[in-house]
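J.: This is the structure, below, for whatever I ask next.
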Amino acid sequence: KSDANALIYGETGTGKELFAKSIHLNSNRCSNPFITIDYTSLPHSLAESILFGHVKGAFTGADKTRTGRFEQAGGGTLFLDEFCELSFGLQAKLLRAIEQKSFERLGSNKTIQADTRIIAATNRDIETLVRTGKFREDLYYRINVLRIHMPPLRERFECIEPLAHYLLKKLIRSVK
């Protein structure tokens, strides 16, 4: 039931996004949006616009004002998948948005308020990135309030049988 930000880490394919959705659905924010951004699939040049939105004319091709994911998730949860891929500049803007619960769209100076909970996930060793100066330490501490390690399935033998039964039932339903 906590509103605290969370960091979920583990290997690719361990179910970090599914776990993030579960956290959201069991929180006081469950009736509000759960919005996902996967930074591995975003061009770096569009990341800020996708996260915070932009106003018409902010850059070539910005033919209308666009609401960003941070605002869309207002009152709910923003899941930042592979958030270690954020540029250093965007890390600073995200930190400010988390701390002040406000931000500006790209190309605007109008401040927008948004009470957004962050759940971030990574498969990288974030402590090493912080130690070597490749990830902002202050942002790391803002996200790393609830820390959750997702071990791979090969280390969770007790999960294999129930998961196999679930997948088998799902397969049978899709065949019928």
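Residue numbering restarts at 1 in every chain; chains get A, B, ... in the order shown in the structure tokens, and ligands count up from 1 in that same order.
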Among chain A, which ones does DSSP assign to helix (DSSP H, G or I) (computed from the backbone)? Answer as a VMD selection string.

T.: chain A and resid 16 to 25 39 to 41 44 to 52 69 to 72 83 to 85 88 to 100 126 to 131 137 to 143 153 to 155 157 to 175

J.: Could you pull out all residues of chain A with a DSSP call of strand (DSSP E or B) and give them as a ChimeraX atom specification?

T.: /A:6-9,34-38,53-54,66-67,77-81,102-104,106,111-113,117-122,146-149

J.: So that I can check the surroundings of region 15-28 of chain A, please list as number ranges by chain every protein, DNA and RNA residue that reaches within 10 Å of it, counting only C-alpha atoms and ignoring chain neighbours fewer than 5 positions away.

T.: A: 1-3, 6-10, 33-36, 75-81, 117-123, 148-153

J.: With only C-alpha atoms as the counted atoms, please give the residues lying no more than 7 Å from Glu48 (chain A), apart from itself and same-chain residues fewer than 3 positions off, as a list of chain:residue names.

T.: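 What passes the distance filter is A:Leu51, A:Phe52, A:Leu90.
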
J.: Enter the distance from CA of Tyr141 (chain A) to CA of Leu42 (chain A), in Å, rounded to one decimal.

T.: 24.3 Å

J.: Interatomic distance between CA of Ser49 (chain A) and CA of Gly74 (chain A)?

T.: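 Answer for the CA of Ser49 (chain A) to CA of Gly74 (chain A) separation: 16.3 Å.
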
J.: Could you name the residues that touch Lys101 (chain A) at 12 Å or less, counting only C-alpha atoms, but leaving out those on the same chain fewer than 2 positions away, as a VMD selection string?

T.: chain A and resid 70 to 71 73 to 75 93 to 99 103 to 104 111 to 118

J.: Could you check the closest approach to Ile126 (chain A) for each of A:Leu168, A:Glu158, A:Phe83, A:Gly89 and tell me which residue wins, using only C-alpha atoms?

T.: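 Residue with the minimum atom-to-atom distance to Ile126 (chain A): A:Phe83.
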
J.: Could you work out how far CA of Thr132 (chain A) lies from CA of Ser102 (chain A), giving the answer in Å with one decimal?

T.: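 Separation between CA of Ser102 (chain A) and CA of Thr132 (chain A): 29.0 Å.
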
J.: Taking only C-alpha atoms into account, which of A:Val130, A:Leu171, A:Ile50, A:Leu139 comes nearest Asp38 (chain A)?

T.: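 Nearest to Asp38 (chain A): A:Ile50.
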
J.: From the options A:Leu129, A:Ile37, A:Ala62, A:Ile160, which residue's atoms come nearest to Glu82 (chain A), counting only C-alpha atoms?

T.: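 Closest residue, counting only C-alpha atoms: A:Ile37.
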
J.: If we count only C-alpha atoms, what is near Ser87 (chain A) at a cut-off of 9 Å, once residues fewer than 2 positions away on the same chain are taken out, given as a ChimeraX atom specification?

T.: /A:44,47,84-85,89-92,135
